[in-house]
Amino acid sequence: MVTSDQRRRQLAREKYERQQMRRAEARRKSRQRAAVIGAAVAAVVATLVGLVVGGVFDKDKKDQAADPAANPSAAPSPKQSPSPAMAIDKNAKYTFDLKTSAGEIKFEMDAAKTPETVNSFKSLADKGFFDNTKCHRLTTSGIYVLQCGDPEGSGTGGPGYTIADENLDSLGKPNDQGQVIYPAGTVAMANTGQPHSGGSQFFLVYKDSPLAPSYTPFGKIDAAGLKALEDVAKAGTADGGQDGAPKTPVTIQKGAVTQN
């Protein structure tokens with residue numbers, strides 16, 4: 001016969017065993033969850049490593065860098081040359097006369113406001129640097145420019161040196177988007193997006209264009225030149241896109257800078 005004390009001890013032992021079994025089961029499930037989570041994390045890490053090694057993220061970066069939406073940029077020249085010594089009258093005004101296949105485009109440059117830029121362009125023009133070069137880029141949305149000055153005709157060429165940014169505050173205070181208006185008729189330096197990275201490439205604005213005040217404005221196109229530029233723009237790009245080679249080819253046959 002089982003006494004009441006023995007019965008209580010038996011019930012207590014069974015209760016303890018049930019508690020131990022539940023704890024063991026909880027530990028087992030916890031280890032399973034940890035293993036599943038660990039495997040998932042490892043799979044994600046492996047996938048990320050594969051993407052990096054495979055160049056997927058690099059491709060995204062390249063695609064972003066190639067986006068020309070608001071940046072009339074020019075890659076630096078692979079060859080390096082010394083910048084020209086100052087050889088102009090810093091108090092004078094000069095005219096850059098571009099005889100192009102689309103008509104004559106003239107613009108006035110004020111050396112008092114942009115001495116480094118004017119000096120560089122006169123030095124290059126005197127050497128025939130711009131002769132028989134193509135204006136390689138036309139934009140028809142967002143910003144409205146024709147870009148020239150690349151001896152390679154591809155957007156990657158330059159004189160082998162860079163010049164300092166100048167006159168950047170002349171177009172007023174930037175708006176909330178950090179932009180100012182480059183008015184139609186403005187001539188400004190293209191660059192790589194970095195300060196003081198301009199070379200020989202420049203852009204001719206044929207319609208008011210909002211841009212960051214990062215591109216040295218150094219010239220004003222005359223009425224006849226602006227009309228020729230507008231005619232080129234009306235034809236659009238060669239492929240019908242918003243940014244590309246102009247459908248009407250524009251070759252600078254002769255570029256000359258003279259003091260007024």
# chains A, B, ... in the order shown; residues from 1 in each chain; ligands from 1
$ residues_around --residues "Ala190 in chain A" --least-positions-apart "6" --cutoff "12 Å" --atoms "only C-alpha atoms" --output "NGL selection string"
:A and (70-76 or 117 or 137 or 145-150 or 155-158 or 162-165 or 196-205 or 211-218)
$ residues_around --residues "range 86-97 of chain A" --least-positions-apart "4" --cutoff "12 Å" --atoms "only C-alpha atoms" --output "ChimeraX atom specification"
/A:103-126,130-131,163,187,218-222,224-225,252-260
$ select_by_dssp --residues "range 140-255 of chain A" --states "helix (DSSP H, G or I)" --output "VMD selection string"
chain A and resid 223 to 235
$ residues_around --residues "Asp243 in chain A" --least-positions-apart "3" --cutoff "7 Å" --atoms "only C-alpha atoms" --output "VMD selection string"
chain A and resid 137 to 140 237
$ write_last_selection --atoms "C-alpha atoms" --output "PDB file, in the first residue's frame"
ATOM      1  CA  ARG A 137      27.051  66.803 -77.337  1.00  0.00           C
ATOM      2  CA  LEU A 138      23.587  68.371 -77.502  1.00  0.00           C
ATOM      3  CA  THR A 139      21.075  68.280 -74.645  1.00  0.00           C
ATOM      4  CA  THR A 140      17.401  68.998 -75.262  1.00  0.00           C
ATOM      5  CA  THR A 237      20.059  64.677 -81.453  1.00  0.00           C
TER       6      THR A 237
END
$ atom_distance --atom1 "CA of Asn167 in chain A" --atom2 "CA of Val180 in chain A"
13.1 Å
$ atom_distance --atom1 "CA of Gln242 in chain A" --atom2 "CA of Met189 in chain A"
20.6 Å
$ residues_around --residues "Thr251 in chain A" --least-positions-apart "6" --cutoff "9 Å" --atoms "only C-alpha atoms" --output "ChimeraX atom specification"
/A:99-102,131-136,148
$ select_by_dssp --residues "range 72-174 of chain A" --states "strand (DSSP E)" --output "PyMOL selection string"
chain A and resi 93-100+103-110+133-134+137-139+145-148
$ atom_distance --atom1 "CA of Ala233 in chain A" --atom2 "CA of Val250 in chain A"
10.8 Å
$ closest_residue --among "A:Pro84, A:Gly244, A:Pro210, A:Pro249" --to "Gly172 in chain A" --atoms "only C-alpha atoms"
A:Pro210
